[in-house]
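Here is protein07.pdb, consisting of PDB, C-alpha atoms:
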```pdb
ATOM      1  CA  ARG A   1       0.000   0.000   0.000
ATOM      2  CA  SER A   2       1.416   3.364  -0.984
ATOM      3  CA  ALA A   3       2.456   5.800   1.701
ATOM      4  CA  PRO A   4       0.122   8.741   2.464
ATOM      5  CA  PRO A   5       0.802  12.043   0.676
ATOM      6  CA  VAL A   6       3.421  14.458   1.867
ATOM      7  CA  CYS A   7       2.001  17.930   2.261
ATOM      8  CA  PRO A   8       4.345  20.921   1.881
ATOM      9  CA  ALA A   9       3.481  24.058   3.810
ATOM     10  CA  ALA A  10       4.985  27.499   4.221
ATOM     11  CA  LEU A  11       6.434  26.903   7.674
ATOM     12  CA  SER A  12       9.682  28.147   9.093
ATOM     13  CA  PRO A  13      12.238  25.474  10.086
ATOM     14  CA  GLY A  14      11.357  25.999  13.753
ATOM     15  CA  ASP A  15       7.662  25.333  13.295
ATOM     16  CA  HIS A  16       6.116  21.992  14.198
ATOM     17  CA  ILE A  17       2.549  21.725  12.964
ATOM     18  CA  GLY A  18       2.318  18.036  12.041
ATOM     19  CA  VAL A  19      -1.333  17.603  11.126
ATOM     20  CA  ARG A  20      -3.312  14.474  11.981
ATOM     21  CA  VAL A  21      -6.973  14.029  11.057
ATOM     22  CA  SER A  22      -9.133  12.516  13.767
ATOM     23  CA  ALA A  23     -10.401   9.031  12.986
ATOM     24  CA  VAL A  24     -14.122   8.214  12.877
ATOM     25  CA  GLY A  25     -15.647   8.294  16.340
ATOM     26  CA  GLY A  26     -13.607  11.188  17.767
ATOM     27  CA  ALA A  27      -9.983  12.057  18.295
ATOM     28  CA  ALA A  28      -7.582   9.367  17.193
ATOM     29  CA  GLY A  29      -7.267   6.689  19.838
ATOM     30  CA  THR A  30      -9.747   8.236  22.280
ATOM     31  CA  GLY A  31     -12.847   6.273  21.306
ATOM     32  CA  GLN A  32     -10.963   2.986  21.176
ATOM     33  CA  GLU A  33      -9.349   3.457  24.579
ATOM     34  CA  SER A  34     -12.524   4.489  26.385
ATOM     35  CA  SER A  35     -14.555   1.652  24.881
ATOM     36  CA  ALA A  36     -11.855  -0.872  25.703
ATOM     37  CA  ARG A  37     -11.803   0.211  29.326
ATOM     38  CA  GLY A  38     -15.584  -0.021  29.514
ATOM     39  CA  GLN A  39     -15.466  -3.684  28.469
ATOM     40  CA  GLY A  40     -12.568  -4.604  30.748
ATOM     41  CA  ARG A  41     -10.302  -5.018  27.771
ATOM     42  CA  ARG A  42      -6.759  -3.856  27.523
ATOM     43  CA  ALA A  43      -6.769  -0.397  25.917
ATOM     44  CA  ARG A  44      -5.081  -0.191  22.549
ATOM     45  CA  PRO A  45      -2.071   2.154  22.881
ATOM     46  CA  ARG A  46      -2.587   5.504  21.326
ATOM     47  CA  GLY A  47      -0.914   5.922  17.985
ATOM     48  CA  ARG A  48      -0.664   2.165  17.304
ATOM     49  CA  GLY A  49      -1.919   1.295  13.841
ATOM     50  CA  MET A  50      -1.509   4.925  12.936
ATOM     51  CA  GLN A  51       1.689   6.577  11.864
ATOM     52  CA  ARG A  52       2.500   9.499  14.090
ATOM     53  CA  CYS A  53       2.854  12.775  12.282
ATOM     54  CA  ALA A  54       6.384  13.845  11.583
ATOM     55  CA  THR A  55       7.621  17.206  10.436
ATOM     56  CA  ALA A  56      10.382  16.697   7.885
ATOM     57  CA  ARG A  57      12.767  19.250   6.493
ATOM     58  CA  ALA A  58      13.228  20.003   2.809
ATOM     59  CA  GLY A  59      15.368  22.905   1.680
ATOM     60  CA  GLY A  60      14.817  24.828   4.905
ATOM     61  CA  ARG A  61      11.050  24.680   4.408
ATOM     62  CA  GLY A  62       8.748  22.788   6.720
ATOM     63  CA  VAL A  63       6.946  19.766   5.327
ATOM     64  CA  LEU A  64       3.853  18.186   6.823
ATOM     65  CA  ARG A  65       3.858  14.400   6.571
ATOM     66  CA  ALA A  66       0.347  12.998   6.589
ATOM     67  CA  ALA A  67      -0.714  10.531   9.249
ATOM     68  CA  ARG A  68      -2.036   7.172   8.148
ATOM     69  CA  LEU A  69      -5.530   6.585   9.482
ATOM     70  CA  SER A  70      -6.367   3.250  11.034
ATOM     71  CA  PRO A  71      -9.413   1.511   9.506
ATOM     72  CA  ARG A  72     -10.379   0.060  12.872
ATOM     73  CA  VAL A  73     -13.729   1.204  14.250
ATOM     74  CA  VAL A  74     -15.513   0.811  17.577
ATOM     75  CA  LYS A  75     -19.071  -0.464  17.860
ATOM     76  CA  ARG A  76     -20.788   1.793  20.382
ATOM     77  CA  SER A  77     -24.192   0.171  20.910
ATOM     78  CA  GLY A  78     -26.049  -3.123  20.612
ATOM     79  CA  GLU A  79     -24.499  -6.582  20.658
ATOM     80  CA  GLY A  80     -20.712  -6.426  20.842
ATOM     81  CA  ALA A  81     -20.667  -2.773  21.939
ATOM     82  CA  GLY A  82     -17.165  -1.515  22.592
ATOM     83  CA  ARG A  83     -15.574  -4.199  20.472
ATOM     84  CA  VAL A  84     -12.820  -2.986  18.197
ATOM     85  CA  GLY A  85     -13.269  -4.354  14.699
ATOM     86  CA  VAL A  86     -12.361  -3.743  11.090
ATOM     87  CA  GLY A  87     -15.846  -3.007   9.799
ATOM     88  CA  ALA A  88     -19.554  -3.721   9.920
ATOM     89  CA  SER A  89     -21.030  -7.116   9.061
ATOM     90  CA  ASP A  90     -22.511  -5.707   5.848
ATOM     91  CA  GLY A  91     -19.057  -4.826   4.523
ATOM     92  CA  LEU A  92     -19.128  -1.097   5.297
ATOM     93  CA  THR A  93     -15.696  -0.196   6.647
ATOM     94  CA  ALA A  94     -14.785   3.368   7.578
ATOM     95  CA  THR A  95     -11.184   4.288   6.777
ATOM     96  CA  GLY A  96     -11.223   7.912   7.939
ATOM     97  CA  LEU A  97     -12.223  11.415   6.948
ATOM     98  CA  HIS A  98     -11.510  12.159   3.274
ATOM     99  CA  HIS A  99     -12.377  15.871   3.081
ATOM    100  CA  VAL A 100     -14.473  18.682   4.500
ATOM    101  CA  GLY A 101     -16.373  20.871   2.037
ATOM    102  CA  VAL A 102     -16.726  24.569   2.868
ATOM    103  CA  LEU A 103     -18.420  27.396   0.982
ATOM    104  CA  CYS A 104     -16.677  30.636   0.066
ATOM    105  CA  LYS A 105     -17.465  33.825  -1.855
ATOM    106  CA  ASP A 106     -14.143  34.043  -3.680
ATOM    107  CA  VAL A 107     -11.752  31.100  -4.049
ATOM    108  CA  LYS A 108      -8.741  33.304  -4.795
ATOM    109  CA  ALA A 109      -9.332  35.391  -1.674
ATOM    110  CA  SER A 110      -9.822  32.237   0.391
ATOM    111  CA  LEU A 111      -6.571  30.764  -0.907
ATOM    112  CA  ASP A 112      -4.737  33.840   0.387
ATOM    113  CA  PHE A 113      -5.911  32.787   3.845
ATOM    114  CA  TYR A 114      -5.529  29.010   3.630
ATOM    115  CA  GLU A 115      -2.156  29.094   1.878
ATOM    116  CA  GLY A 116      -0.757  32.403   3.103
ATOM    117  CA  VAL A 117      -1.900  32.366   6.734
ATOM    118  CA  LEU A 118      -2.384  28.672   7.552
ATOM    119  CA  GLY A 119       0.355  27.465   5.214
ATOM    120  CA  LEU A 120      -1.695  24.625   3.722
ATOM    121  CA  ALA A 121      -0.649  23.120   0.392
ATOM    122  CA  ARG A 122      -2.973  22.893  -2.602
ATOM    123  CA  ASN A 123      -3.753  19.512  -4.126
ATOM    124  CA  ASP A 124      -3.506  20.185  -7.860
ATOM    125  CA  ASP A 125      -4.229  16.517  -8.609
ATOM    126  CA  ARG A 126      -7.906  17.228  -7.999
ATOM    127  CA  PRO A 127      -8.827  19.790 -10.679
ATOM    128  CA  ASP A 128     -12.186  21.521 -10.401
ATOM    129  CA  ASP A 129     -12.747  22.010 -14.128
ATOM    130  CA  ARG A 130     -15.195  19.090 -14.057
ATOM    131  CA  LEU A 131     -17.452  20.901 -11.589
ATOM    132  CA  PRO A 132     -19.912  23.681 -12.478
ATOM    133  CA  TYR A 133     -18.342  26.069  -9.957
ATOM    134  CA  ASP A 134     -14.876  27.302  -9.033
ATOM    135  CA  GLY A 135     -13.023  25.643  -6.176
ATOM    136  CA  ALA A 136      -9.762  24.327  -4.759
ATOM    137  CA  TRP A 137      -8.506  21.416  -2.651
ATOM    138  CA  LEU A 138      -6.041  21.831   0.211
ATOM    139  CA  TRP A 139      -4.180  19.159   2.151
ATOM    140  CA  VAL A 140      -4.596  18.919   5.929
ATOM    141  CA  GLY A 141      -2.619  15.861   6.934
ATOM    142  CA  SER A 142      -4.057  12.922   4.985
ATOM    143  CA  GLY A 143      -7.421  14.677   4.630
ATOM    144  CA  MET A 144      -8.433  17.721   2.629
ATOM    145  CA  ILE A 145     -10.499  20.893   2.713
ATOM    146  CA  HIS A 146     -12.539  21.495  -0.442
ATOM    147  CA  LEU A 147     -13.241  25.167  -1.069
ATOM    148  CA  MET A 148     -16.408  25.644  -3.118
ATOM    149  CA  GLN A 149     -17.298  29.042  -4.553
ATOM    150  CA  LEU A 150     -21.059  28.851  -4.112
ATOM    151  CA  PRO A 151     -23.790  30.979  -2.486
ATOM    152  CA  ASN A 152     -23.969  30.365   1.244
ATOM    153  CA  PRO A 153     -27.525  29.625   2.442
ATOM    154  CA  ASP A 154     -26.525  30.080   6.088
ATOM    155  CA  PRO A 155     -26.312  33.455   7.841
ATOM    156  CA  THR A 156     -22.765  34.643   8.455
ATOM    157  CA  GLU A 157     -23.756  37.314  10.976
ATOM    158  CA  GLY A 158     -24.661  36.623  14.581
ATOM    159  CA  ARG A 159     -22.669  33.417  14.873
ATOM    160  CA  PRO A 160     -20.936  32.600  18.205
ATOM    161  CA  ASP A 161     -17.578  34.259  18.838
ATOM    162  CA  HIS A 162     -16.235  30.918  20.006
ATOM    163  CA  GLY A 163     -16.156  28.421  17.151
ATOM    164  CA  GLY A 164     -16.549  25.563  19.619
ATOM    165  CA  ARG A 165     -20.193  26.601  20.024
ATOM    166  CA  ASP A 166     -20.829  26.431  16.292
ATOM    167  CA  ARG A 167     -20.493  23.905  13.478
ATOM    168  CA  HIS A 168     -16.796  23.321  12.942
ATOM    169  CA  ALA A 169     -14.244  20.920  11.504
ATOM    170  CA  ALA A 170     -11.512  19.711  13.864
ATOM    171  CA  PHE A 171      -7.969  18.651  12.981
ATOM    172  CA  GLY A 172      -5.075  17.442  15.103
ATOM    173  CA  VAL A 173      -1.667  19.127  15.248
ATOM    174  CA  GLN A 174       1.531  18.377  17.128
ATOM    175  CA  SER A 175       1.521  21.853  18.691
ATOM    176  CA  VAL A 176      -0.988  24.702  18.642
ATOM    177  CA  ASP A 177       1.623  27.364  19.452
ATOM    178  CA  PRO A 178       2.924  27.991  15.888
ATOM    179  CA  LEU A 179      -0.657  28.216  14.623
ATOM    180  CA  ALA A 180      -1.655  30.707  17.334
ATOM    181  CA  GLU A 181       1.392  32.800  16.430
ATOM    182  CA  ARG A 182       0.420  32.752  12.746
ATOM    183  CA  LEU A 183      -3.155  33.820  13.494
ATOM    184  CA  LYS A 184      -2.026  36.597  15.838
ATOM    185  CA  ALA A 185       0.549  37.902  13.361
ATOM    186  CA  ASN A 186      -2.101  38.120  10.638
ATOM    187  CA  GLY A 187      -4.777  39.708  12.832
ATOM    188  CA  VAL A 188      -7.073  36.667  12.761
ATOM    189  CA  PRO A 189      -9.243  36.443  15.909
ATOM    190  CA  TYR A 190      -9.079  33.119  17.727
ATOM    191  CA  THR A 191     -10.142  31.576  21.012
ATOM    192  CA  MET A 192      -8.782  28.719  23.075
ATOM    193  CA  SER A 193     -10.744  25.689  24.213
ATOM    194  CA  LYS A 194     -13.090  26.432  27.107
ATOM    195  CA  SER A 195     -12.346  22.995  28.584
ATOM    196  CA  GLY A 196      -8.681  23.799  29.094
ATOM    197  CA  ARG A 197      -7.454  21.565  26.268
ATOM    198  CA  ALA A 198      -4.675  22.784  23.989
ATOM    199  CA  ALA A 199      -6.987  23.698  21.128
ATOM    200  CA  VAL A 200      -7.377  26.810  18.970
ATOM    201  CA  PHE A 201     -10.670  27.890  17.393
ATOM    202  CA  PHE A 202     -10.894  30.404  14.546
ATOM    203  CA  ARG A 203     -12.867  31.251  11.410
ATOM    204  CA  ASP A 204     -11.867  31.722   7.790
ATOM    205  CA  PRO A 205     -12.826  34.914   5.885
ATOM    206  CA  ASP A 206     -16.258  33.410   5.125
ATOM    207  CA  GLY A 207     -17.030  32.529   8.733
ATOM    208  CA  ASN A 208     -16.334  28.792   8.500
ATOM    209  CA  ALA A 209     -15.178  27.626  11.947
ATOM    210  CA  TYR A 210     -12.219  25.357  12.626
ATOM    211  CA  GLU A 211     -10.621  23.709  15.622
ATOM    212  CA  PHE A 212      -6.966  22.696  15.596
ATOM    213  CA  MET A 213      -6.168  20.619  18.680
ATOM    214  CA  GLN A 214      -2.877  19.393  20.039
ATOM    215  CA  VAL A 215      -2.724  15.577  19.953
TER
END
```

Please rewrite the model in this file as structure tokens.
Amino acid sequence: RSAPPVCPAALSPGDHIGVRVSAVGGAAGTGQESSARGQGRRARPRGRGMQRCATARAGGRGVLRAARLSPRVVKRSGEGAGRVGVGASDGLTATGLHHVGVLCKDVKASLDFYEGVLGLARNDDRPDDRLPYDGAWLWVGSGMIHLMQLPNPDPTEGRPDHGGRDRHAAFGVQSVDPLAERLKANGVPYTMSKSGRAAVFFRDPDGNAYEFMQV
């Protein structure tokens, strides 16, 4: 099986923002461990079956190496609840989150934020010329964000200041500090997790909320 994609990003050599997408059922490892404890089973060590994110160096420029998602899932209810398995009896097997689709007014303006501020790399292998609207794909670990230039049916005004109280997509990073510094330097408002976790919440120029949590 081929290795997951390597995602270049505009990071300084001192930055460490290795991105890991949470597996189905919550943050990677969390659902499996809690369910295993509930059944008296030995908890599966965190990070096992999943490659830990590593930040490589290439020409003095930071490189995000995607984490490999484990296909293992946890049954949460009914017969065999809490059992860690490789898929449902009908053959449906979840392998992870592929992408999150977000709406934007102007793809070019959005790319200034996602590439320039967040340092995400564009996936040019997924052209949008087959779709009836403009768009772009950006790598976040082994998953992607799909920007879609379409009218937004949701109100953008009056949304909560804290993105954790709104619809949001969550991604894992090795450290939230470099991201917080990037947001602050570019005048992007952000809030920290209200639960005390190392997690940063912010919105893109179109009001789409994100959480980047330290894992």

Original post:
On this structure, which residues satisfy the PyMOL selection byres ((chain A and resi 212) around 9), written as a VMD selection string?
Top reply: chain A and resid 19 169 to 173 176 179 198 to 202 210 to 211 213 to 214

**OP:** Within 8 Å of Pro189 in chain A, counting all atoms listed in the file, which residues show up once you throw out same-chain ones fewer than 5 positions away? Write them as a list in words, please.
**Re:** Leu183, Lys184, Phe202 and Arg203 of chain A

Original post:
Quick one: distance from CA of Tyr133 in chain A to CA of Gly101 in chain A in Å, one decimal?
Top reply: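 Distance reported for this atom pair: 13.2 Å.
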
Subject >> Closest of A:Lys105, A:Arg130, A:Leu120, A:Glu115 to Pro151 in chain A - atom-to-atom distances counting only C-alpha atoms >> reply: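 Distance minimum relative to Pro151 in chain A lands on A:Lys105.
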
Original post:
What separation in Å, quoted to one decimal, exists between CA of Thr156 in chain A and CA of Asp106 in chain A?
Top reply: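 Distance reported for this atom pair: 14.9 Å.
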
**OP:** Go ahead and compute the interatomic distance for CA of Arg122 in chain A and CA of Val102 in chain A, in Å to one decimal.
**Re:** 14.9 Å

**OP:** Excluding range 146-149 of chain A and any residue of its chain fewer than 2 positions from it, enumerate the residues within 10 Å of it, using all atoms listed in the file, and give them as a ChimeraX atom specification.
**Re:** /A:99-108,110-111,114,122-123,126,128,131-139,143-144,151-152

Subject >> Hits of the PyMOL selection byres ((chain A and resi 161) around 10) in this structure, as a PyMOL selection string >> reply: chain A and resi 158-160+162-166+189-191+201-203+209
